[in-house]
>>> print(open('final.pdb').read())   # PDB, C-alpha atoms and all ligand atoms
MODEL        1
ATOM      1  CA  MET L   3      14.768  -0.095   2.291  1.00  0.00           C
ATOM      2  CA  LEU L   4      11.086  -0.891   2.316  1.00  0.00           C
ATOM      3  CA  CYS L   5       9.765  -3.326   4.878  1.00  0.00           C
ATOM      4  CA  LYS L   6       6.464  -5.087   4.538  1.00  0.00           C
ATOM      5  CA  ILE L   7       4.211  -4.906   7.549  1.00  0.00           C
ATOM      6  CA  LYS L   8       1.105  -7.009   7.818  1.00  0.00           C
ATOM      7  CA  CYS L   9      -1.530  -5.306   9.902  1.00  0.00           C
ATOM      8  CA  PRO L  10      -2.574  -7.642  12.744  1.00  0.00           C
ATOM      9  CA  GLU L  11      -5.924  -5.890  12.876  1.00  0.00           C
ATOM     10  CA  CYS L  12      -7.137  -6.170   9.272  1.00  0.00           C
ATOM     11  CA  SER L  13      -4.368  -8.295   7.640  1.00  0.00           C
ATOM     12  CA  THR L  14      -3.629  -5.593   5.098  1.00  0.00           C
ATOM     13  CA  ASP L  15      -0.097  -5.433   3.784  1.00  0.00           C
ATOM     14  CA  GLY L  16       1.574  -2.092   4.223  1.00  0.00           C
ATOM     15  CA  THR L  17       5.114  -0.890   3.815  1.00  0.00           C
ATOM     16  CA  ILE L  18       7.386   1.205   5.919  1.00  0.00           C
ATOM     17  CA  SER L  19      10.449   3.005   4.646  1.00  0.00           C
ATOM     18  CA  LEU L  20      13.492   2.448   6.820  1.00  0.00           C
ATOM     19  CA  LEU L  21      17.067   3.657   6.867  1.00  0.00           C
ATOM     20  CA  GLU L  22      18.151   0.621   8.840  1.00  0.00           C
ATOM     21  CA  THR L  23      16.841  -2.925   9.097  1.00  0.00           C
ATOM     22  CA  THR L  24      16.204  -2.417  12.787  1.00  0.00           C
ATOM     23  CA  TYR L  25      13.312  -0.251  13.831  1.00  0.00           C
ATOM     24  CA  GLU L  26      11.359   0.367  16.963  1.00  0.00           C
ATOM     25  CA  GLY L  27       8.502   2.810  16.783  1.00  0.00           C
ATOM     26  CA  PRO L  28       5.003   3.528  15.644  1.00  0.00           C
ATOM     27  CA  TYR L  29       3.372   2.138  12.536  1.00  0.00           C
ATOM     28  CA  LYS L  30      -0.003   3.224  11.226  1.00  0.00           C
ATOM     29  CA  CYS L  31      -2.100   0.971   9.045  1.00  0.00           C
ATOM     30  CA  TRP L  32      -3.193   2.910   5.986  1.00  0.00           C
ATOM     31  CA  LYS L  33      -6.433   0.979   5.771  1.00  0.00           C
ATOM     32  CA  CYS L  34      -7.907   0.615   9.249  1.00  0.00           C
ATOM     33  CA  ARG L  35      -5.856   3.513  10.682  1.00  0.00           C
ATOM     34  CA  GLN L  36      -4.917   1.532  13.757  1.00  0.00           C
ATOM     35  CA  LEU L  37      -1.609   2.507  15.298  1.00  0.00           C
ATOM     36  CA  PHE L  38       0.891  -0.081  16.457  1.00  0.00           C
ATOM     37  CA  ALA L  39       4.194  -0.091  18.224  1.00  0.00           C
ATOM     38  CA  ILE L  40       6.378  -2.331  16.109  1.00  0.00           C
ATOM     39  CA  ASN L  41       9.789  -3.813  16.585  1.00  0.00           C
ATOM     40  CA  LEU L  42      11.795  -4.894  13.547  1.00  0.00           C
ATOM     41  CA  LYS L  43      15.084  -6.718  13.483  1.00  0.00           C
ATOM     42  CA  ASN L  44      16.847  -7.437  10.196  1.00  0.00           C
ATOM     43  CA  GLY L  45      13.664  -6.414   8.434  1.00  0.00           C
ATOM     44  CA  ALA L  46      11.589  -9.028  10.253  1.00  0.00           C
ATOM     45  CA  MET L  47       8.874  -8.174  12.715  1.00  0.00           C
ATOM     46  CA  GLN L  48       9.741  -9.144  16.258  1.00  0.00           C
ATOM     47  CA  SER L  49       6.724  -7.693  17.967  1.00  0.00           C
ATOM     48  CA  CYS L  50       3.689  -5.633  17.201  1.00  0.00           C
ATOM     49  CA  LYS L  51       1.185  -4.300  19.677  1.00  0.00           C
ATOM     50  CA  PRO L  52      -1.700  -1.892  19.279  1.00  0.00           C
ATOM     51  CA  LEU L  53      -1.168   1.507  20.818  1.00  0.00           C
ATOM     52  CA  SER L  54      -3.724   2.904  23.198  1.00  0.00           C
ATOM     53  CA  GLN L  55      -5.182   6.352  22.624  1.00  0.00           C
ATOM     54  CA  GLU L  56      -3.113   7.629  25.536  1.00  0.00           C
ATOM     55  CA  GLU L  57       0.121   6.320  24.004  1.00  0.00           C
ATOM     56  CA  VAL L  58      -0.789   7.756  20.626  1.00  0.00           C
ATOM     57  CA  GLU L  59      -1.305  11.176  22.175  1.00  0.00           C
ATOM     58  CA  LYS L  60       2.016  10.903  23.960  1.00  0.00           C
ATOM     59  CA  LEU L  61       3.783  10.099  20.688  1.00  0.00           C
ATOM     60  CA  GLN L  62       2.036  12.964  18.935  1.00  0.00           C
ATOM     61  CA  GLU L  63       3.165  15.309  21.693  1.00  0.00           C
ATOM     62  CA  ILE L  64       6.762  14.195  21.227  1.00  0.00           C
ATOM     63  CA  ASP L  65       6.381  14.621  17.485  1.00  0.00           C
ATOM     64  CA  ALA L  66       4.949  18.113  17.910  1.00  0.00           C
ATOM     65  CA  LEU L  67       7.824  19.016  20.199  1.00  0.00           C
ATOM     66  CA  LYS L  68      10.354  17.772  17.683  1.00  0.00           C
ATOM     67  CA  LYS L  69       8.758  19.889  14.958  1.00  0.00           C
ATOM     68  CA  LYS L  70       8.749  22.898  17.256  1.00  0.00           C
ATOM     69  CA  PHE L  71      12.445  22.493  17.966  1.00  0.00           C
ATOM     70  CA  ARG L  72      13.203  22.045  14.292  1.00  0.00           C
ATOM     71  CA  LYS L  73      11.574  25.381  13.503  1.00  0.00           C
ATOM     72  CA  ASP L  74      13.592  27.224  16.172  1.00  0.00           C
TER      73      ASP L  74
HETATM   74 ZN    ZN L 101      -5.138  -2.453   9.403  1.00  0.00          ZN
ENDMDL
END
>>> encode(input="final.pdb", output="structure tokens")
Amino acid sequence: MLCKIKCPECSTDGTISLLETTYEGPYKCWKCRQLFAINLKNGAMQSCKPLSQEEVEKLQEIDALKKKFRKD
């Protein structure tokens, strides 16, 4: 399903494709490129907070590790 996410930073509507109606993870605004940690329950946003550069790097590291493991 597609969930609508309104960017708290620039108020732009974006969408996120989900397998379930519950989601906890990063969301990136396509317009202002700000990253957020969002929490969705039943397709409704419960919380949304901007991610710091440090947190973004940490998530990217995890992502890179996942890709590395997938290749092996
Ligand atoms: Zn935005």
>>> closest_atom_pairs(input="final.pdb", of="chain L", to="ligand ZN 101 (chain L)", cutoff="10 Å", atoms="all atoms listed in the file", output="CSV")
residue,atom,partner,partner_atom,distance
L:Ile7,CA,L:ZN101,ZN,9.8
L:Lys8,CA,L:ZN101,ZN,7.9
L:Cys9,CA,L:ZN101,ZN,4.6
L:Pro10,CA,L:ZN101,ZN,6.7
L:Glu11,CA,L:ZN101,ZN,4.9
L:Cys12,CA,L:ZN101,ZN,4.2
L:Ser13,CA,L:ZN101,ZN,6.2
L:Thr14,CA,L:ZN101,ZN,5.5
L:Asp15,CA,L:ZN101,ZN,8.1
L:Gly16,CA,L:ZN101,ZN,8.5
L:Lys30,CA,L:ZN101,ZN,7.9
L:Cys31,CA,L:ZN101,ZN,4.6
L:Trp32,CA,L:ZN101,ZN,6.6
L:Lys33,CA,L:ZN101,ZN,5.2
L:Cys34,CA,L:ZN101,ZN,4.1
L:Arg35,CA,L:ZN101,ZN,6.1
L:Gln36,CA,L:ZN101,ZN,5.9
L:Leu37,CA,L:ZN101,ZN,8.5
L:Phe38,CA,L:ZN101,ZN,9.6
>>> write_last_selection(input="final.pdb", atoms="C-alpha atoms", output="mmCIF file, in the frame of the given file")
data_model
loop_
_atom_site.group_PDB
_atom_site.id
_atom_site.type_symbol
_atom_site.label_atom_id
_atom_site.label_comp_id
_atom_site.auth_asym_id
_atom_site.auth_seq_id
_atom_site.Cartn_x
_atom_site.Cartn_y
_atom_site.Cartn_z
ATOM 1 C CA ILE L 7 4.211 -4.906 7.549
ATOM 2 C CA LYS L 8 1.105 -7.009 7.818
ATOM 3 C CA CYS L 9 -1.530 -5.306 9.902
ATOM 4 C CA PRO L 10 -2.574 -7.642 12.744
ATOM 5 C CA GLU L 11 -5.924 -5.890 12.876
ATOM 6 C CA CYS L 12 -7.137 -6.170 9.272
ATOM 7 C CA SER L 13 -4.368 -8.295 7.640
ATOM 8 C CA THR L 14 -3.629 -5.593 5.098
ATOM 9 C CA ASP L 15 -0.097 -5.433 3.784
ATOM 10 C CA GLY L 16 1.574 -2.092 4.223
ATOM 11 C CA LYS L 30 -0.003 3.224 11.226
ATOM 12 C CA CYS L 31 -2.100 0.971 9.045
ATOM 13 C CA TRP L 32 -3.193 2.910 5.986
ATOM 14 C CA LYS L 33 -6.433 0.979 5.771
ATOM 15 C CA CYS L 34 -7.907 0.615 9.249
ATOM 16 C CA ARG L 35 -5.856 3.513 10.682
ATOM 17 C CA GLN L 36 -4.917 1.532 13.757
ATOM 18 C CA LEU L 37 -1.609 2.507 15.298
ATOM 19 C CA PHE L 38 0.891 -0.081 16.457
#
>>> resolve_selection(input="final.pdb", expression="the PyMOL selection byres (((chain L and resi 46) around 10) and not hetatm)", output="VMD selection string")
chain L and resid 5 to 7 23 to 25 41 to 45 47 to 49
>>> write_last_selection(input="final.pdb", atoms="C-alpha atoms", output="PDB file, in the coordinates of the input")
ATOM      1  CA  CYS L   5       9.765  -3.326   4.878  1.00  0.00           C
ATOM      2  CA  LYS L   6       6.464  -5.087   4.538  1.00  0.00           C
ATOM      3  CA  ILE L   7       4.211  -4.906   7.549  1.00  0.00           C
ATOM      4  CA  THR L  23      16.841  -2.925   9.097  1.00  0.00           C
ATOM      5  CA  THR L  24      16.204  -2.417  12.787  1.00  0.00           C
ATOM      6  CA  TYR L  25      13.312  -0.251  13.831  1.00  0.00           C
ATOM      7  CA  ASN L  41       9.789  -3.813  16.585  1.00  0.00           C
ATOM      8  CA  LEU L  42      11.795  -4.894  13.547  1.00  0.00           C
ATOM      9  CA  LYS L  43      15.084  -6.718  13.483  1.00  0.00           C
ATOM     10  CA  ASN L  44      16.847  -7.437  10.196  1.00  0.00           C
ATOM     11  CA  GLY L  45      13.664  -6.414   8.434  1.00  0.00           C
ATOM     12  CA  MET L  47       8.874  -8.174  12.715  1.00  0.00           C
ATOM     13  CA  GLN L  48       9.741  -9.144  16.258  1.00  0.00           C
ATOM     14  CA  SER L  49       6.724  -7.693  17.967  1.00  0.00           C
TER      15      SER L  49
END
>>> atom_distance(input="final.pdb", atom1="atom CA of L:Ile18", atom2="atom CA of L:Arg72")
23.2 Å
>>> residues_around(input="final.pdb", residues="stretch 55-61 of chain L", least_positions_apart="2", cutoff="10 Å", atoms="only C-alpha atoms", output="JSON, numbers by chain")
{"L": [27, 28, 37, 38, 39, 52, 53, 63, 64, 65, 66, 67]}
>>> closest_residue(input="final.pdb", among="L:Lys73, L:Leu4, L:Tyr29, L:Thr17", to="L:Lys51", atoms="all atoms listed in the file")
L:Tyr29
